[in-house]
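Visitor: Dropping in target_26.cif, with mmCIF, C-alpha atoms.
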data_query
loop_
_atom_site.label_atom_id
_atom_site.label_comp_id
_atom_site.auth_asym_id
_atom_site.auth_seq_id
_atom_site.Cartn_x
_atom_site.Cartn_y
_atom_site.Cartn_z
CA MET I 9 -13.40 -120.10 48.19
CA ARG I 10 -12.95 -116.72 46.49
CA GLN I 11 -15.91 -116.00 44.29
CA GLU I 12 -15.35 -115.25 40.65
CA ASP I 13 -15.72 -111.57 39.79
CA PRO I 14 -17.64 -111.30 36.53
CA PHE I 15 -16.36 -107.76 35.96
CA ASP I 16 -12.69 -108.75 36.30
CA GLU I 17 -11.56 -109.40 32.73
CA GLY I 18 -8.11 -110.50 33.81
CA ALA I 19 -9.47 -113.14 36.14
CA THR I 20 -12.15 -114.52 33.91
CA GLY I 21 -10.68 -114.12 30.46
CA GLY I 22 -13.53 -111.85 29.42
CA GLY I 23 -15.73 -109.39 31.25
CA ILE I 24 -19.51 -109.32 31.31
CA LEU I 25 -19.61 -106.85 28.40
CA ARG I 26 -17.27 -108.86 26.16
CA GLN I 27 -19.61 -111.59 25.01
CA PRO I 28 -20.25 -113.33 21.68
CA LYS I 29 -23.17 -112.20 19.52
CA ALA I 30 -25.03 -115.41 20.41
CA VAL I 31 -25.03 -114.44 24.09
CA TRP I 32 -26.28 -110.91 23.41
CA ALA I 33 -29.00 -112.25 21.11
CA THR I 34 -30.24 -114.67 23.78
CA ALA I 35 -30.00 -112.07 26.55
CA GLY I 36 -31.89 -109.54 24.44
CA ALA I 37 -34.67 -112.02 23.76
CA SER I 38 -34.72 -112.81 27.49
CA VAL I 39 -35.41 -109.16 28.29
CA VAL I 40 -38.47 -109.22 26.03
CA ALA I 41 -39.61 -112.57 27.45
CA PHE I 42 -39.56 -111.21 30.99
CA MET I 43 -41.28 -108.04 29.82
CA GLY I 44 -44.24 -110.21 28.89
CA ILE I 45 -44.90 -111.07 32.55
CA GLY I 46 -45.67 -107.51 33.66
CA LEU I 47 -46.74 -106.17 30.28
CA VAL I 48 -50.46 -106.37 31.01
CA ASP I 49 -50.24 -104.78 34.47
CA PRO I 50 -50.89 -101.14 33.49
CA ILE I 51 -53.60 -102.07 30.97
CA LEU I 52 -55.65 -104.50 33.07
CA PRO I 53 -58.35 -101.87 33.78
CA SER I 54 -58.31 -100.87 30.09
CA ILE I 55 -58.75 -104.49 29.01
CA ALA I 56 -61.63 -104.89 31.46
CA GLN I 57 -63.30 -101.79 30.04
CA GLY I 58 -62.59 -102.68 26.41
CA LEU I 59 -63.92 -106.21 26.69
CA ASP I 60 -66.68 -105.39 29.21
CA ALA I 61 -65.20 -107.79 31.79
CA SER I 62 -64.85 -107.89 35.56
CA ALA I 63 -61.54 -107.70 37.45
CA SER I 64 -61.65 -111.42 38.26
CA GLN I 65 -62.25 -112.30 34.61
CA VAL I 66 -59.36 -110.15 33.37
CA SER I 67 -57.07 -111.54 36.09
CA LEU I 68 -57.44 -114.92 34.40
CA LEU I 69 -54.83 -113.56 31.94
CA PHE I 70 -52.29 -114.31 34.65
CA THR I 71 -53.96 -117.52 35.81
CA SER I 72 -53.98 -119.19 32.39
CA TYR I 73 -50.45 -117.99 31.70
CA PHE I 74 -48.93 -119.36 34.89
CA LEU I 75 -51.02 -122.52 35.08
CA ILE I 76 -49.68 -123.56 31.69
CA THR I 77 -46.21 -122.46 32.77
CA ALA I 78 -46.41 -124.73 35.83
CA PHE I 79 -47.24 -127.83 33.80
CA ALA I 80 -44.79 -126.84 31.07
CA MET I 81 -41.95 -127.07 33.60
CA LEU I 82 -42.39 -130.84 33.48
CA ILE I 83 -41.76 -130.96 29.74
CA THR I 84 -39.12 -128.29 29.11
CA GLY I 85 -36.23 -130.49 30.22
CA PHE I 86 -37.74 -133.44 28.36
CA VAL I 87 -37.86 -131.36 25.16
CA SER I 88 -34.52 -129.53 25.37
CA SER I 89 -32.56 -132.67 26.27
CA ARG I 90 -33.82 -134.27 23.06
CA ILE I 91 -33.88 -131.50 20.45
CA GLY I 92 -31.20 -129.20 21.90
CA GLY I 93 -31.20 -125.73 23.43
CA ARG I 94 -31.25 -123.72 20.18
CA LYS I 95 -34.30 -125.47 18.77
CA THR I 96 -36.09 -125.23 22.12
CA LEU I 97 -35.46 -121.47 22.26
CA LEU I 98 -36.71 -121.00 18.71
CA ALA I 99 -39.80 -123.10 19.35
CA GLY I 100 -40.63 -121.07 22.46
CA LEU I 101 -40.09 -117.77 20.66
CA ALA I 102 -42.24 -118.85 17.73
CA LEU I 103 -45.11 -119.74 20.07
CA VAL I 104 -44.84 -116.39 21.85
CA VAL I 105 -44.87 -114.47 18.55
CA VAL I 106 -47.99 -116.31 17.36
CA PHE I 107 -49.97 -116.14 20.59
CA ALA I 108 -48.95 -112.58 21.52
CA ALA I 109 -50.17 -111.42 18.11
CA LEU I 110 -53.39 -113.40 18.49
CA SER I 111 -53.91 -111.86 21.94
CA GLY I 112 -54.06 -108.46 20.30
CA THR I 113 -56.89 -109.60 18.03
CA SER I 114 -59.09 -110.96 20.83
CA SER I 115 -62.76 -110.03 20.80
CA SER I 116 -63.57 -111.55 24.22
CA VAL I 117 -61.95 -112.29 27.54
CA ALA I 118 -62.23 -116.04 26.86
CA GLU I 119 -60.21 -115.68 23.65
CA LEU I 120 -57.58 -113.53 25.33
CA VAL I 121 -57.23 -115.97 28.25
CA GLY I 122 -56.80 -118.86 25.83
CA PHE I 123 -54.16 -117.03 23.79
CA ARG I 124 -52.28 -116.10 26.98
CA ALA I 125 -52.16 -119.80 27.85
CA GLY I 126 -50.40 -120.52 24.54
CA TRP I 127 -48.09 -117.60 25.25
CA GLY I 128 -47.27 -119.14 28.63
CA LEU I 129 -46.21 -122.41 26.99
CA GLY I 130 -43.88 -120.59 24.62
CA ASN I 131 -42.42 -118.46 27.38
CA ALA I 132 -41.80 -121.51 29.57
CA LEU I 133 -39.88 -123.24 26.79
CA PHE I 134 -37.79 -120.14 26.21
CA VAL I 135 -36.93 -118.94 29.72
CA SER I 136 -36.30 -122.43 31.07
CA THR I 137 -33.58 -122.89 28.46
CA ALA I 138 -32.15 -119.39 28.04
CA LEU I 139 -29.78 -119.34 31.04
CA ALA I 140 -28.30 -122.73 30.22
CA VAL I 141 -27.68 -121.53 26.67
CA ILE I 142 -26.12 -118.25 27.85
CA VAL I 143 -23.82 -120.10 30.26
CA GLY I 144 -22.76 -122.51 27.53
CA ALA I 145 -22.00 -119.78 24.99
CA ALA I 146 -20.63 -117.02 27.26
CA ALA I 147 -17.03 -115.89 27.59
CA GLY I 148 -15.64 -115.15 31.04
CA GLY I 149 -17.05 -118.01 33.06
CA SER I 150 -20.44 -118.80 34.51
CA ALA I 151 -20.48 -115.85 36.94
CA ALA I 152 -20.41 -113.33 34.08
CA ALA I 153 -23.09 -115.27 32.19
CA ILE I 154 -25.41 -115.57 35.17
CA LEU I 155 -25.03 -111.88 36.05
CA LEU I 156 -25.86 -110.98 32.46
CA TYR I 157 -28.96 -113.16 32.64
CA GLU I 158 -30.00 -111.65 35.98
CA SER I 159 -29.61 -108.19 34.47
CA ALA I 160 -31.84 -109.21 31.56
CA LEU I 161 -34.44 -110.48 34.03
CA GLY I 162 -34.45 -107.27 36.05
CA LEU I 163 -34.53 -105.06 32.96
CA GLY I 164 -37.41 -107.04 31.51
CA MET I 165 -39.45 -106.95 34.72
CA ALA I 166 -38.91 -103.19 34.94
CA CYS I 167 -39.58 -102.36 31.29
CA GLY I 168 -42.62 -104.62 30.78
CA PRO I 169 -45.05 -102.33 32.63
CA LEU I 170 -43.48 -99.29 30.96
CA LEU I 171 -43.98 -100.71 27.47
CA GLY I 172 -47.51 -101.75 28.41
CA ALA I 173 -48.25 -98.19 29.51
CA LEU I 174 -46.71 -96.44 26.50
CA LEU I 175 -48.44 -98.61 23.92
CA GLY I 176 -51.55 -99.29 25.97
CA ASP I 177 -52.41 -95.63 26.36
CA ALA I 178 -53.55 -95.66 22.71
CA SER I 179 -55.14 -99.11 22.79
CA TRP I 180 -54.90 -102.14 25.06
CA ARG I 181 -54.20 -104.23 21.95
CA TYR I 182 -50.94 -102.50 20.98
CA PRO I 183 -48.73 -103.95 23.76
CA PHE I 184 -49.50 -107.47 22.51
CA PHE I 185 -48.60 -106.58 18.92
CA GLY I 186 -45.46 -104.81 20.14
CA THR I 187 -44.33 -107.86 22.09
CA ALA I 188 -44.94 -110.11 19.07
CA ALA I 189 -42.78 -107.82 16.91
CA LEU I 190 -39.94 -107.70 19.46
CA MET I 191 -39.97 -111.47 19.94
CA ALA I 192 -39.90 -111.95 16.17
CA ILE I 193 -36.70 -109.87 16.09
CA GLY I 194 -35.32 -112.03 18.90
CA PHE I 195 -36.20 -115.15 16.91
CA LEU I 196 -34.26 -113.86 13.89
CA CYS I 197 -31.24 -112.87 16.01
CA ILE I 198 -31.01 -116.26 17.72
CA ALA I 199 -31.51 -118.07 14.41
CA ALA I 200 -28.66 -116.04 12.91
CA PHE I 201 -26.13 -115.93 15.74
CA LEU I 202 -26.67 -118.94 18.02
CA LYS I 203 -25.18 -122.26 17.00
CA GLU I 204 -26.59 -125.50 18.37
CA GLN I 205 -24.90 -126.66 21.56
CA PRO I 206 -24.16 -130.28 22.44
CA LYS I 207 -27.12 -132.20 23.81
CA PRO I 208 -26.87 -133.56 27.38
CA ALA I 209 -25.41 -137.03 27.76
CA VAL I 210 -28.51 -138.14 29.71
CA THR I 211 -32.03 -137.21 28.65
CA THR I 212 -34.62 -135.97 31.16
CA SER I 213 -37.86 -137.85 31.70
CA LEU I 214 -41.22 -136.23 32.41
CA LEU I 215 -41.29 -137.56 35.98
CA ASP I 216 -37.74 -136.57 36.99
CA PRO I 217 -38.79 -133.13 38.36
CA VAL I 218 -41.55 -134.71 40.44
CA LYS I 219 -39.17 -137.36 41.78
CA ALA I 220 -36.70 -134.62 42.75
CA LEU I 221 -39.33 -133.20 45.14
CA GLY I 222 -38.87 -136.31 47.27
CA HIS I 223 -35.82 -134.57 48.74
CA GLY I 224 -36.87 -132.90 52.00
CA GLY I 225 -34.87 -129.74 51.46
CA LEU I 226 -36.15 -129.12 47.93
CA ALA I 227 -39.72 -129.90 48.99
CA SER I 228 -39.40 -127.35 51.81
CA VAL I 229 -38.11 -124.66 49.46
CA ALA I 230 -40.94 -125.37 47.01
CA ALA I 231 -43.57 -125.28 49.77
CA SER I 232 -42.31 -121.96 51.10
CA ALA I 233 -42.08 -120.53 47.58
CA PHE I 234 -45.68 -121.60 46.94
CA PHE I 235 -46.92 -119.30 49.73
CA TYR I 236 -44.52 -116.53 48.71
CA ASN I 237 -45.68 -116.58 45.10
CA TYR I 238 -49.28 -116.15 46.21
CA ALA I 239 -48.25 -112.91 47.92
CA PHE I 240 -46.03 -111.85 44.99
CA PHE I 241 -48.74 -112.23 42.36
CA THR I 242 -51.43 -110.67 44.48
CA ILE I 243 -49.33 -107.51 44.19
CA LEU I 244 -48.61 -107.94 40.49
CA ALA I 245 -52.11 -108.83 39.31
CA PHE I 246 -54.51 -107.26 41.82
CA THR I 247 -52.85 -103.98 42.78
CA PRO I 248 -53.48 -102.26 39.39
CA PHE I 249 -57.23 -102.47 40.08
CA VAL I 250 -56.76 -101.03 43.57
CA LEU I 251 -54.57 -98.14 42.39
CA ASP I 252 -57.04 -97.43 39.54
CA MET I 253 -54.64 -95.18 37.63
CA THR I 254 -54.11 -94.30 33.99
CA PRO I 255 -51.83 -96.68 32.04
CA TYR I 256 -49.02 -94.10 32.12
CA ARG I 257 -49.12 -93.65 35.88
CA SER I 258 -49.59 -97.34 36.60
CA GLY I 259 -46.71 -98.13 34.24
CA ALA I 260 -44.48 -95.64 36.05
CA VAL I 261 -45.31 -97.20 39.43
CA PHE I 262 -44.47 -100.70 38.25
CA PHE I 263 -41.39 -99.48 36.40
CA ALA I 264 -40.05 -98.15 39.72
CA TRP I 265 -41.13 -101.44 41.32
CA GLY I 266 -39.17 -103.37 38.70
CA LEU I 267 -36.06 -101.24 39.17
CA LEU I 268 -36.04 -101.98 42.90
CA LEU I 269 -36.59 -105.65 42.13
CA ALA I 270 -33.57 -105.67 39.82
CA VAL I 271 -31.27 -103.77 42.20
CA PHE I 272 -32.10 -105.88 45.25
CA SER I 273 -31.95 -109.18 43.37
CA VAL I 274 -28.62 -108.54 41.64
CA LEU I 275 -26.74 -106.31 44.08
CA VAL I 276 -28.27 -106.44 47.57
CA ALA I 277 -29.39 -110.06 48.08
CA PRO I 278 -25.98 -111.69 47.40
CA ARG I 279 -24.26 -109.40 49.89
CA LEU I 280 -26.84 -110.05 52.60
CA GLN I 281 -26.62 -113.80 51.97
CA ARG I 282 -22.86 -113.79 52.42
CA ARG I 283 -23.23 -111.94 55.73
CA PHE I 284 -26.31 -113.55 57.30
CA GLY I 285 -27.00 -116.77 55.36
CA SER I 286 -29.90 -117.63 53.06
CA PRO I 287 -32.52 -118.79 55.64
CA LYS I 288 -32.19 -115.63 57.78
CA VAL I 289 -32.34 -113.29 54.78
CA LEU I 290 -35.32 -115.13 53.32
CA GLY I 291 -37.26 -115.28 56.59
CA ALA I 292 -36.72 -111.60 57.34
CA SER I 293 -37.61 -110.54 53.81
CA LEU I 294 -40.86 -112.52 53.88
CA VAL I 295 -41.90 -110.96 57.19
CA LEU I 296 -41.16 -107.48 55.82
CA LEU I 297 -43.15 -108.30 52.68
CA ALA I 298 -46.11 -109.29 54.85
CA ALA I 299 -45.92 -105.97 56.71
CA ASP I 300 -45.68 -104.10 53.42
CA LEU I 301 -48.80 -105.88 52.13
CA LEU I 302 -50.81 -104.76 55.15
CA VAL I 303 -49.67 -101.18 54.62
CA LEU I 304 -50.63 -101.46 50.95
CA GLY I 305 -54.06 -102.80 51.81
CA TYR I 306 -54.98 -100.34 54.54
CA GLY I 307 -53.03 -97.21 53.61
CA SER I 308 -54.16 -94.18 51.63
CA HIS I 309 -53.82 -94.10 47.84
CA THR I 310 -50.41 -92.43 48.04
CA THR I 311 -49.29 -94.89 50.72
CA ALA I 312 -50.45 -97.80 48.55
CA ILE I 313 -48.33 -96.50 45.66
CA VAL I 314 -45.25 -96.26 47.87
CA ALA I 315 -45.88 -99.71 49.36
CA THR I 316 -46.25 -101.20 45.89
CA VAL I 317 -42.89 -99.78 44.79
CA VAL I 318 -41.17 -100.84 48.04
CA SER I 319 -42.46 -104.41 47.65
CA GLY I 320 -40.12 -104.73 44.66
CA ALA I 321 -37.14 -104.73 47.04
CA PHE I 322 -38.44 -107.68 49.07
CA ILE I 323 -39.55 -109.56 45.95
CA GLY I 324 -36.12 -109.08 44.38
CA MET I 325 -34.35 -110.51 47.43
CA ASN I 326 -36.77 -113.41 47.72
CA ASN I 327 -36.42 -114.35 44.06
CA THR I 328 -32.65 -114.60 44.33
CA VAL I 329 -32.56 -116.56 47.58
CA TYR I 330 -35.32 -119.00 46.61
CA THR I 331 -33.59 -119.89 43.36
CA GLU I 332 -30.21 -120.42 44.98
CA LEU I 333 -31.79 -122.64 47.62
CA ALA I 334 -33.73 -124.62 45.03
CA LEU I 335 -30.66 -125.17 42.88
CA GLY I 336 -28.28 -126.04 45.71
CA VAL I 337 -30.22 -127.78 48.46
CA SER I 338 -30.55 -131.20 46.82
CA ASP I 339 -28.30 -133.52 44.82
CA ALA I 340 -30.62 -133.49 41.79
CA PRO I 341 -29.27 -131.93 38.58
CA ARG I 342 -30.00 -128.22 38.64
CA PRO I 343 -32.41 -128.17 35.66
CA VAL I 344 -34.36 -131.08 37.18
CA ALA I 345 -34.45 -129.56 40.68
CA SER I 346 -35.55 -126.18 39.38
CA ALA I 347 -38.24 -127.72 37.20
CA GLY I 348 -39.74 -129.53 40.18
CA TYR I 349 -39.51 -126.40 42.33
CA ASN I 350 -41.20 -124.28 39.68
CA PHE I 351 -43.88 -126.87 39.05
CA VAL I 352 -45.03 -126.32 42.65
CA ARG I 353 -44.61 -122.58 43.02
CA TRP I 354 -46.28 -121.52 39.76
CA PHE I 355 -49.58 -122.99 40.93
CA ALA I 356 -49.74 -120.21 43.51
CA ALA I 357 -48.89 -117.66 40.82
CA ALA I 358 -51.86 -119.00 38.87
CA ALA I 359 -54.21 -118.98 41.87
CA ALA I 360 -53.54 -115.50 43.29
CA PRO I 361 -54.70 -113.40 40.29
CA PHE I 362 -58.02 -115.25 40.27
CA LEU I 363 -58.63 -115.52 44.02
CA ALA I 364 -57.69 -111.95 45.02
CA PRO I 365 -60.54 -110.26 43.07
CA LYS I 366 -62.94 -113.00 44.18
CA ILE I 367 -62.01 -112.43 47.83
CA GLU I 368 -62.67 -108.72 47.33
CA GLU I 369 -66.12 -109.53 45.87
CA TRP I 370 -66.90 -111.75 48.87
CA THR I 371 -65.54 -109.34 51.52
CA ASP I 372 -63.91 -105.96 50.86
CA ILE I 373 -60.85 -104.47 49.18
CA HIS I 374 -58.60 -104.90 52.24
CA VAL I 375 -58.96 -108.65 52.80
CA PRO I 376 -57.05 -109.85 49.68
CA PHE I 377 -53.96 -108.12 51.04
CA VAL I 378 -54.48 -109.66 54.48
CA VAL I 379 -54.64 -113.11 52.88
CA ALA I 380 -51.49 -112.34 50.88
CA ALA I 381 -49.70 -111.16 54.04
CA LEU I 382 -50.68 -114.38 55.82
CA ALA I 383 -49.33 -116.34 52.85
CA ALA I 384 -45.99 -114.53 53.11
CA LEU I 385 -45.87 -115.31 56.84
CA ALA I 386 -46.66 -118.96 56.09
CA GLY I 387 -43.69 -119.01 53.72
CA ALA I 388 -41.49 -117.57 56.47
CA ALA I 389 -42.81 -120.19 58.92
CA VAL I 390 -41.85 -123.01 56.56
CA VAL I 391 -38.32 -121.57 56.33
CA GLY I 392 -38.12 -121.33 60.13
CA VAL I 393 -39.47 -124.83 60.82
CA ARG I 394 -37.40 -126.48 58.07
CA ARG I 395 -34.25 -124.44 58.65
CA THR I 396 -32.23 -127.56 59.40
CA ALA I 397 -33.06 -128.98 55.96
CA LEU I 398 -31.90 -125.73 54.33
CA ILE I 399 -28.85 -124.88 56.43
CA HIS I 400 -26.56 -127.23 54.48
CA GLU I 401 -26.93 -125.12 51.37
CA ALA I 402 -26.72 -121.86 53.24
CA GLU I 403 -23.49 -122.63 55.10
CA GLU I 404 -21.60 -125.16 53.02
CA ARG I 405 -22.44 -124.50 49.39
CA GLU I 406 -21.21 -121.47 47.47
CA PRO I 407 -24.17 -119.41 46.27
CA VAL I 408 -25.20 -120.05 42.72
CA HIS I 409 -26.14 -116.40 42.14
CA ALA I 410 -28.85 -117.24 39.66
CA LEU I 411 -32.23 -115.59 39.59
CA GLU I 412 -35.70 -116.63 38.64
CA ASP I 413 -38.17 -114.28 37.57
CA GLY I 414 -41.03 -114.70 37.28
CA VAL I 415 -40.40 -117.71 35.35
CA THR I 416 -36.66 -118.68 35.39
CA VAL I 417 -34.97 -121.32 37.31
CA PHE I 418 -31.75 -122.59 35.87
CA ALA I 419 -28.07 -122.27 36.59
CA ASP I 420 -24.83 -123.41 35.06
#
Let's see the structure in the file written out as structure tokens.

Guide:
Amino acid sequence: MRQEDPFDEGATGGGILRQPKAVWATAGASVVAFMGIGLVDPILPSIAQGLDASASQVSLLFTSYFLITAFAMLITGFVSSRIGGRKTLLAGLALVVVFAALSGTSSSVAELVGFRAGWGLGNALFVSTALAVIVGAAAGGSAAAILLYESALGLGMACGPLLGALLGDASWRYPFFGTAALMAIGFLCIAAFLKEQPKPAVTTSLLDPVKALGHGGLASVAASAFFYNYAFFTILAFTPFVLDMTPYRSGAVFFAWGLLLAVFSVLVAPRLQRRFGSPKVLGASLVLLAADLLVLGYGSHTTAIVATVVSGAFIGMNNTVYTELALGVSDAPRPVASAGYNFVRWFAAAAAPFLAPKIEEWTDIHVPFVVAALAALAGAAVVGVRRTALIHEAEEREPVHALEDGVTVFAD
């Protein structure tokens, strides 16, 4: 089947750039939401110094955020199928505005970790609903809508560390206040331009995502993604302490990392999938990520910087392929399948930021990257062993071409 070209206005009835105001408002808010994931990266050492905290204590900012996100995946479908997408988006944005602002007022690590947990709940409600809303409101078909959403994801992941560096150079508190202000603008834009969409005919229960994991293919994807996310978030949360750079320089490194992530997720991964198939691309990318982690852990400071940036390419490819597999490998509705998949994988995202500094305290600075490399190889092994369960999606289903980011997991 010929794939829809989102840039072909004649074929789709509207190109990617010709979208209603509601779509642009939601996409703009999505950029800011994804910025929140990497926002604290360049300022982690500054937060540790400002609050007199250790690396493992500050890394709990990621752990609390993603632990709440994992559990929130079980309730997002339950909520949005009952109150509608618009109200779910607004509720998520309101929570982010409140807890991002409170994060900037923190006087201790415990307070900041708690506020980041509330932020994670709001972000989960927003990002889990945003793509479905964009697809429903977009002109030009689902391909244009999904590509627009993927672009928002990549731009947010790239700009988050940059914003954190620019504002955090003056004070580690300013990036939190800046995010709250931007999300407040997003709240007003969505309230003004987005109309409520029809509610689903069938509501989602709290246990539906867990039941969906009973499918062997989806369970395999989730298990592999669990190991991959441990490696991913070791890089995101632990590397800033290893590089030990100023906020500006750290922000520049992770900005370049985010650009590679965006390019490889949107442009490179789909082309490789069409040529080689999802399991082969995913397995190879995970092995290369493991090698890159070892170089990062044992190389010189300059080599570690280069390896950090290069890891964005492998992470971008993995994000795309994992999401397409999760959304297409089972017969469960896509929002339900992706919620179950994310419920599993975000536990690793919560564990890595806490365990990596602890492993360094117990051993040395190299071992956390060895553990992360082994996790990436374990993810590749799951793909290899369970290839038969995944091959149906890779060979017979048309790719969904939807991304998850850090947090996202839905398709049309």

Visitor: Measuring between only C-alpha atoms, which one of I:Ala188, I:Leu251, I:Leu161, I:Leu268 shows the shortest distance to Asp49 (chain I)?

Guide: I:Leu251

Visitor: When you count all atoms listed in the file, which of these residues is closest to Gln65 (chain I): I:Ser346, I:Ala364, I:Ala140, I:Gly222?

Guide: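 Closest residue, counting all atoms listed in the file: I:Ala364.
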
Visitor: Suppose you want the space between CA of Leu302 (chain I) and CA of His374 (chain I); what is it in Å?

Guide: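 It comes out at 8.3 Å.
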
Visitor: Separation of CA of Tyr349 (chain I) and CA of Glu332 (chain I), in Å?

Guide: 11.4 Å

Visitor: Using all atoms listed in the file, what does the table of region 112-200 of chain I residues within 6 Å of region 255-266 of chain I look like, with each row giving the shortest atom pair and its distance in Å to one decimal, sorted by chain and ascending number, as a tab-separated table?

Guide:
residue	atom	partner	partner_atom	distance
I:Met165	CA	I:Gly266	CA	5.4
I:Ala166	CA	I:Gly266	CA	3.8
I:Pro169	CA	I:Gly259	CA	4.8
I:Leu170	CA	I:Gly259	CA	4.7
I:Ala173	CA	I:Pro255	CA	4.6
I:Asp177	CA	I:Pro255	CA	5.8

Visitor: Given the file shown, determine the residues that the PyMOL selection byres ((chain I and resi 285-300) around 7) selects; report them as a list of chain:residue names.

Guide: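 Applying the PyMOL selection byres ((chain I and resi 285-300) around 7) to the structure shown produces I:Leu280, I:Gln281, I:Arg282, I:Arg283, I:Phe284, I:Leu301, I:Leu302, I:Val303, I:Leu304, I:Ala315, I:Ser319, I:Phe322, I:Asn326, I:Val329, I:Ala381, I:Leu382, I:Ala384, I:Leu385, I:Ala388, I:Val391, I:Arg395, I:Ala402, I:Glu403.
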
Visitor: Can you sort out the box for region 174-189 of chain I, edges along x, y and z, all listed atoms in, 3 Å on every side, with centre and edge lengths in Å to one decimal, as AutoDock Vina command-line options?

Guide:
--center_x -49.0 --center_y -102.9 --center_z 21.7 --size_x 18.4 --size_y 20.5 --size_z 15.6

Visitor: I'd like the contact shell of Val104 (chain I) - 9 Å cut-off, only C-alpha atoms, skipping same-chain residues fewer than 3 positions apart - returned as a VMD selection string.

Guide: chain I and resid 41 99 to 101 107 to 109 126 to 131 187 to 188 191 to 192

Visitor: Could you spell out the hits of the PyMOL selection byres ((chain I and resi 92) around 9) on the shown file, as a ChimeraX atom specification?

Guide: /I:87-91,93-97,204-208

Visitor: Please provide as a ChimeraX atom specification all residues within 8 Å of Ile198 (chain I), with the sequence filter that same-chain residues fewer than 3 positions apart are discarded (counting only C-alpha atoms).

Guide: /I:30,33-34,94,98,194-195,201-202

Visitor: Tell me which residues the PyMOL selection byres ((chain I and resi 68) around 10) grabs here, as a PyMOL selection string.

Guide: chain I and resi 63-67+69-75+117-118+120-122+124-125+245+358-363
